[in-house]
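> After the structure tokens below, expect a handful of questions from me.
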Amino acid sequence: MDISYQYSKKRCRFGGQPQFCEQGPEMCDSITTNVVEHKNFILRNPVHQPTQHTPFYSENNANTIRSDYSSSGANHAEGGWPKDVSVIDPEATQRYRRKVEKDDNYINCVMSTAPEMDHYVLQNNAIDMYRTYYAEMPSMPELERISCRTVNVYRDGDGTEATRPVSSICWQPDGGQRFAVTYIDVDFNRNARAPIVSYIWNLENANQPEVTFTPPCPLLDLIYNPRDQNLMAGGLVNGQVGVWDARKGGDPTLTCPPHVAHRDLVRNVIFINSKSGLEFFSGGSDGACKWWDIRNMSEPVEEMILDAVKSSFDVQTMAKANGVTALEFEPTMPTRFMAGTENGLIIGGNRKGKTPLEKIPLKMEAHLGPIWSLERNPGFLKNFLTVGDWTARIWSEDCRESPVLWSPLHRHKITAGTWSPTRSSLMLLAQWNGTLATWDILRRQHEPVLTMHVCDEPLLRLKTHERGTLVACGSQKGSIFMVELSQTLTQSDKNDKTLLTAMKRSI
């Protein structure tokens with residue numbers, strides 16, 4: 001059925017001016033609904049209808065008439081002379097010059113321009129344009145360019161997808177090019193869910209590890225001997241400590257017997273400054289610190305229970321001991337050490353103490369939860385950094401009531417912190433969202449000077465190279481991200497130590 005409507009008009013009304021008026025709707029035709037076809041109707045929602053509103057352009061090419069150009073010059077070595085004056089004849093030029101100088105217009109022109117020319121001549125004689133002015137003034141300091149970048153990634157090389165979290169990172173001493181990494185992935189009963197091997201990586205080769213260690217159980221910490229780079233000590237999940245040879249790897253060469261080991265897992269192992277260079281001590285969740293000698297691993301040399309008693313008559317017991325989460329030892333103070341505990345305490349120990357009060361002379365309530373990192377400032381040994389309960393705090397042994405500086409509460413958990421070994425005012429913090437925050441307390445105290453998103457997974461461990469240019473960041477998926485700091489963040493200025501000392505006194 002064709003829908004059509006025929007309009008008719010008289011011939012005399014053709015070409016007349018149209019007269020529009022308001023008029024209601026008029027029903028031309030009505031079509032009833034087809035019930036059969038209505039059942040097959042499907043509603044489209046949403047309906048996408050592309051529409052092009054951009055204007056159309058066309059391109060035309062045309063060849064225009066080519067113009068030829070040529071460059072020419074003239075050597076104007078002599079002033080402009082009239083045609084009747086011979087330039088070669090000096091007498092003719094002299095006569096013409098005298099004639100022009102006697103002209104009134106010439107005299108008026110010279111007299112009007114002489115004062116201005118005299119000014120420029122005197123100015124030229126007063127200022128030497130070839131002289132370097134203000135050479136005696138000190139030069140302006142260069143603009144600081146703060147930056148960092150990821151130079152390499154060392155992924156877990158167990159042959160499967162990297163899912164083992166990094167538990168510790170240790171650089172080779174004396175500025176070496178190798179670093180040791182331990183991984184741990186256990187269930188609630190501390191049974192390994194992944195291979196328990198640990199590696200030594202070379203900076204120049206990120207494809208595969210250089211040395212592989214196969215401990216009897218998951219390895220939590222592994223550290224180099226500062227005097228012998230081929231000797232390494234580590235702490236195990238079952239409470240034992242062992243010694244490895246970095247040249248061949250494999251199984252441990254020495255382990256302590258189980259009956260003299262820690263009652264719980266060993267979180268930290270540190271070599272101490274001894275004459276033989278073969279002594280180290282360990283701390284674990286059982287709340288004990290034990291000193292070991294590699295020459296005789298059958299029993300510990302000494303043991304200290306980290307139970308902060310209130311009087312000299314109290315007896316230290318393992319039942320009240322504080323579990324160790326972080327250890328700190330400074331070689332310049334061979335008998336003293338510091339430990340961070342699971343309940344947020346900082347305990348300072350003295351190995352040569354005879355009474356319980358002399359063995360633990362320092363006790364500070366630092367955080368509300370476990371202390372994940374504890375490290376002394378390499379330039380100011382009385383100041384140390386702690387990380388816990390979503391904040392990072394800087395403490396001083398002279399002020400035990402409160403920290404001297406602290407960061408605001410972060411949205412994401414701070415998992416590790418460390419000082420720069422070459423710049424005393426610089427500290428690095430790793431966060432749960434994969435961000436590396438660089439703090440310089442001389443530049444800013446309320447926010448980091450530089451923040452870098454290293455990866456999408458959480459960062460768990462940080463360790464800075466002795467030269468201060470490289471930072472190894474360990475993630476939850478077993479990757480080590482090597483971050484390079486700029487020269488401004490690596491080198492200390494000549495006034496940094498003076499400014500830090502003045503800041504410490506003012507605080």
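By order of appearance in the structure tokens: chains A, B, ..., then residues from 1 within every chain, and ligands from 1 in the order shown.
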Within 7 Å of range 255-264 of chain A, counting only C-alpha atoms, which residues qualify if same-chain residues fewer than 2 places away don't, as a ChimeraX atom specification?

/A:238-243,252,266,284-286,297-299

> Which of range 425-502 of chain A counts as alpha helix (DSSP H) under DSSP, as an MDAnalysis selection string please?

chainID A and resid 487:490 496:502

> For Leu429 in chain A, which residue among A:Thr132, A:Thr182, A:Ser373, A:Thr325 is the nearest when counting only C-alpha atoms?

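Distance minimum relative to Leu429 in chain A lands on A:Ser373.
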
> Using only C-alpha atoms, which protein or nucleic acid residues come within 6 Å of range 214-225 of chain A? Drop anything in the same chain fewer than 2 positions from it, and give the result as a short mmCIF file (atom, residue, chain, number, x, y, z; two decimals) with all heavy atoms, in the first residue's frame.


data_model
loop_
_atom_site.label_atom_id
_atom_site.label_comp_id
_atom_site.auth_asym_id
_atom_site.auth_seq_id
_atom_site.Cartn_x
_atom_site.Cartn_y
_atom_site.Cartn_z
N SER A 167 63.10 -12.08 50.76
CA SER A 167 63.22 -11.95 52.22
C SER A 167 64.45 -11.15 52.63
O SER A 167 64.45 -10.56 53.71
CB SER A 167 63.26 -13.33 52.88
OG SER A 167 64.37 -14.09 52.39
N SER A 168 65.50 -11.11 51.83
CA SER A 168 66.69 -10.32 52.19
C SER A 168 67.53 -10.06 50.94
O SER A 168 67.49 -10.83 49.98
CB SER A 168 67.54 -11.04 53.25
OG SER A 168 68.20 -12.16 52.69
N CYS A 170 71.66 -8.60 50.11
CA CYS A 170 72.95 -8.22 50.68
C CYS A 170 73.95 -7.99 49.55
O CYS A 170 74.12 -8.85 48.68
CB CYS A 170 73.47 -9.32 51.62
SG CYS A 170 75.07 -8.93 52.37
N ILE A 184 61.47 -16.60 50.09
CA ILE A 184 60.72 -17.49 50.99
C ILE A 184 59.25 -17.43 50.62
O ILE A 184 58.68 -16.36 50.40
CB ILE A 184 60.94 -17.10 52.47
CG1 ILE A 184 60.18 -18.05 53.38
CG2 ILE A 184 60.56 -15.65 52.73
CD1 ILE A 184 60.50 -17.90 54.83
N ILE A 196 63.21 -23.67 47.45
CA ILE A 196 63.83 -22.93 48.55
C ILE A 196 65.23 -22.47 48.22
O ILE A 196 65.99 -22.10 49.11
CB ILE A 196 63.84 -23.79 49.83
CG1 ILE A 196 64.61 -25.11 49.59
CG2 ILE A 196 62.42 -24.08 50.29
CD1 ILE A 196 64.74 -25.97 50.82
N VAL A 197 65.60 -22.44 46.96
CA VAL A 197 66.95 -22.05 46.57
C VAL A 197 67.10 -20.53 46.68
O VAL A 197 66.14 -19.78 46.57
CB VAL A 197 67.27 -22.52 45.14
CG1 VAL A 197 67.32 -24.03 45.07
CG2 VAL A 197 66.25 -21.97 44.16
N ARG A 227 85.22 -9.31 55.72
CA ARG A 227 86.66 -9.56 55.54
C ARG A 227 86.94 -10.62 54.49
O ARG A 227 87.96 -10.56 53.81
CB ARG A 227 87.28 -9.99 56.87
CG ARG A 227 87.24 -8.90 57.95
CD ARG A 227 88.10 -9.28 59.12
NE ARG A 227 88.04 -8.28 60.19
CZ ARG A 227 88.71 -8.36 61.33
NH1 ARG A 227 89.50 -9.42 61.56
NH2 ARG A 227 88.59 -7.41 62.24
N ASP A 228 86.07 -11.59 54.37
CA ASP A 228 86.26 -12.66 53.39
C ASP A 228 84.99 -12.73 52.55
O ASP A 228 83.94 -13.18 53.02
CB ASP A 228 86.52 -13.99 54.08
CG ASP A 228 86.87 -15.10 53.10
OD1 ASP A 228 86.92 -14.83 51.87
OD2 ASP A 228 87.08 -16.25 53.54
N GLN A 229 85.06 -12.27 51.30
CA GLN A 229 83.88 -12.20 50.45
C GLN A 229 83.37 -13.57 50.02
O GLN A 229 82.25 -13.67 49.52
CB GLN A 229 84.18 -11.36 49.21
CG GLN A 229 84.60 -9.94 49.51
CD GLN A 229 84.86 -9.14 48.25
OE1 GLN A 229 84.68 -9.63 47.14
NE2 GLN A 229 85.29 -7.88 48.42
N LEU A 231 82.87 -16.04 52.11
CA LEU A 231 82.23 -16.65 53.26
C LEU A 231 80.91 -15.93 53.54
O LEU A 231 80.87 -14.70 53.61
CB LEU A 231 83.15 -16.55 54.48
CG LEU A 231 82.91 -17.54 55.62
CD1 LEU A 231 83.06 -18.97 55.13
CD2 LEU A 231 83.85 -17.26 56.77
N MET A 232 79.84 -16.71 53.70
CA MET A 232 78.52 -16.14 53.92
C MET A 232 77.83 -16.90 55.04
O MET A 232 78.03 -18.11 55.21
CB MET A 232 77.66 -16.22 52.65
CG MET A 232 78.30 -15.56 51.44
SD MET A 232 77.20 -15.50 50.03
CE MET A 232 76.04 -14.26 50.55
N ALA A 233 77.03 -16.17 55.82
CA ALA A 233 76.26 -16.76 56.91
C ALA A 233 74.79 -16.44 56.71
O ALA A 233 74.44 -15.38 56.18
CB ALA A 233 76.74 -16.23 58.26
N GLY A 234 73.92 -17.38 57.15
CA GLY A 234 72.50 -17.20 56.95
C GLY A 234 71.70 -17.82 58.07
O GLY A 234 72.19 -18.66 58.83
N GLY A 235 70.43 -17.35 58.19
CA GLY A 235 69.51 -17.88 59.18
C GLY A 235 68.36 -18.61 58.52
O GLY A 235 67.83 -18.15 57.49
N LEU A 236 67.95 -19.74 59.10
CA LEU A 236 66.94 -20.60 58.52
C LEU A 236 65.63 -20.50 59.28
O LEU A 236 65.56 -19.98 60.39
CB LEU A 236 67.44 -22.05 58.51
CG LEU A 236 68.76 -22.30 57.79
CD1 LEU A 236 69.24 -23.72 58.00
CD2 LEU A 236 68.63 -22.00 56.31
N VAL A 237 64.57 -21.03 58.66
CA VAL A 237 63.25 -20.98 59.26
C VAL A 237 63.16 -21.89 60.48
O VAL A 237 62.43 -21.59 61.44
CB VAL A 237 62.18 -21.36 58.21
CG1 VAL A 237 60.82 -21.55 58.83
CG2 VAL A 237 62.10 -20.29 57.14
N GLY A 250 75.56 -24.31 46.61
CA GLY A 250 75.08 -25.63 47.01
C GLY A 250 74.66 -25.68 48.46
O GLY A 250 74.12 -24.73 49.03
N ASP A 251 74.93 -26.83 49.09
CA ASP A 251 74.56 -27.05 50.49
C ASP A 251 75.47 -26.25 51.41
O ASP A 251 76.60 -25.88 51.04
CB ASP A 251 74.66 -28.55 50.82
CG ASP A 251 73.71 -29.38 49.99
OD1 ASP A 251 72.65 -28.84 49.61
OD2 ASP A 251 74.02 -30.55 49.70
N ARG A 267 65.53 -14.31 61.88
CA ARG A 267 65.22 -13.24 60.94
C ARG A 267 66.46 -12.48 60.49
O ARG A 267 66.49 -11.99 59.37
CB ARG A 267 64.22 -12.27 61.58
CG ARG A 267 62.79 -12.74 61.58
CD ARG A 267 61.84 -11.57 61.77
NE ARG A 267 60.45 -11.96 61.61
CZ ARG A 267 59.63 -12.24 62.60
NH1 ARG A 267 60.07 -12.18 63.85
NH2 ARG A 267 58.37 -12.57 62.38
N ASN A 268 67.46 -12.33 61.33
CA ASN A 268 68.61 -11.50 60.99
C ASN A 268 69.90 -12.16 61.42
O ASN A 268 69.96 -12.80 62.48
CB ASN A 268 68.51 -10.12 61.65
CG ASN A 268 67.31 -9.32 61.16
OD1 ASN A 268 66.27 -9.35 61.77
ND2 ASN A 268 67.48 -8.64 60.04
#

> Enumerate as a PyMOL selection string all residues of range 293-423 of chain A assigned to strand (DSSP E or B) by DSSP on the backbone, naming them with the chain letters and numbers the document uses.

chain A and resi 293+296+302-305+324-329+336-341+345-350+362-365+371-376+383-388+391-396+399+405-406+414-419

> Between A:Ser311, A:Thr501, A:Gln94, A:Thr469, which residue has the minimum interatomic distance to Gln487 in chain A, considering only C-alpha atoms?

A:Thr469

> Quick one: everything within 7 Å of Ile169 in chain A, counting only C-alpha atoms, minus sequence neighbours fewer than 4 positions away in the same chain. Send it as a ChimeraX atom specification.

/A:179-182,461,463

> Tell me which protein, DNA and RNA residues are within 7 Å of Ile371 in chain A, counting only C-alpha atoms, leaving out same-chain ones fewer than 4 positions away, and put them as a ChimeraX atom specification.

/A:325-326,340-342,344,367,386-388

> Could you write out the selected residues, including N, CA, C and O atoms, as a PDB file, in the first residue's frame?


ATOM      1  N   THR A 325      62.752  -8.551  65.143  1.00  0.00           N
ATOM      2  CA  THR A 325      62.388  -8.400  63.734  1.00  0.00           C
ATOM      3  C   THR A 325      63.477  -7.690  62.934  1.00  0.00           C
ATOM      4  O   THR A 325      63.504  -7.795  61.709  1.00  0.00           O
ATOM      5  N   ALA A 326      64.370  -6.952  63.594  1.00  0.00           N
ATOM      6  CA  ALA A 326      65.441  -6.233  62.899  1.00  0.00           C
ATOM      7  C   ALA A 326      66.623  -6.101  63.840  1.00  0.00           C
ATOM      8  O   ALA A 326      66.461  -5.880  65.044  1.00  0.00           O
ATOM      9  N   GLY A 340      65.185  -4.317  66.905  1.00  0.00           N
ATOM     10  CA  GLY A 340      63.779  -3.948  66.816  1.00  0.00           C
ATOM     11  C   GLY A 340      62.919  -5.164  67.055  1.00  0.00           C
ATOM     12  O   GLY A 340      63.215  -6.259  66.567  1.00  0.00           O
ATOM     13  N   THR A 341      61.864  -5.012  67.821  1.00  0.00           N
ATOM     14  CA  THR A 341      61.079  -6.161  68.261  1.00  0.00           C
ATOM     15  C   THR A 341      59.716  -6.197  67.583  1.00  0.00           C
ATOM     16  O   THR A 341      59.315  -5.272  66.876  1.00  0.00           O
ATOM     17  N   GLU A 342      59.010  -7.292  67.858  1.00  0.00           N
ATOM     18  CA  GLU A 342      57.696  -7.497  67.253  1.00  0.00           C
ATOM     19  C   GLU A 342      56.632  -6.581  67.844  1.00  0.00           C
ATOM     20  O   GLU A 342      55.609  -6.331  67.201  1.00  0.00           O
ATOM     21  N   GLY A 344      57.150  -3.392  68.757  1.00  0.00           N
ATOM     22  CA  GLY A 344      57.466  -1.993  68.516  1.00  0.00           C
ATOM     23  C   GLY A 344      58.497  -1.387  69.429  1.00  0.00           C
ATOM     24  O   GLY A 344      58.623  -0.160  69.466  1.00  0.00           O
ATOM     25  N   HIS A 367      57.240   2.125  67.961  1.00  0.00           N
ATOM     26  CA  HIS A 367      56.081   1.954  67.087  1.00  0.00           C
ATOM     27  C   HIS A 367      55.022   1.130  67.796  1.00  0.00           C
ATOM     28  O   HIS A 367      55.284   0.505  68.840  1.00  0.00           O
ATOM     29  N   THR A 386      63.921   4.019  61.920  1.00  0.00           N
ATOM     30  CA  THR A 386      63.034   2.883  62.139  1.00  0.00           C
ATOM     31  C   THR A 386      61.832   3.006  61.218  1.00  0.00           C
ATOM     32  O   THR A 386      61.387   4.105  60.889  1.00  0.00           O
ATOM     33  N   VAL A 387      61.298   1.844  60.826  1.00  0.00           N
ATOM     34  CA  VAL A 387      60.125   1.777  59.955  1.00  0.00           C
ATOM     35  C   VAL A 387      59.123   0.832  60.589  1.00  0.00           C
ATOM     36  O   VAL A 387      59.458  -0.302  60.947  1.00  0.00           O
ATOM     37  N   GLY A 388      57.902   1.296  60.758  1.00  0.00           N
ATOM     38  CA  GLY A 388      56.834   0.481  61.331  1.00  0.00           C
ATOM     39  C   GLY A 388      55.547   1.274  61.404  1.00  0.00           C
ATOM     40  O   GLY A 388      55.551   2.507  61.303  1.00  0.00           O
TER      41      GLY A 388
END

> Neighbours of Asp493 in chain A within 12 Å (only C-alpha atoms; same-chain residues fewer than 4 positions away dropped), as a VMD selection string?

chain A and resid 141 144 422 to 426 442 487 to 489 497 to 500

> Could you work out how far CA of Gly349 in chain A lies from CA of Leu254 in chain A, giving the answer in Å with one decimal?

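Between CA of Leu254 in chain A and CA of Gly349 in chain A the gap works out to 27.4 Å.
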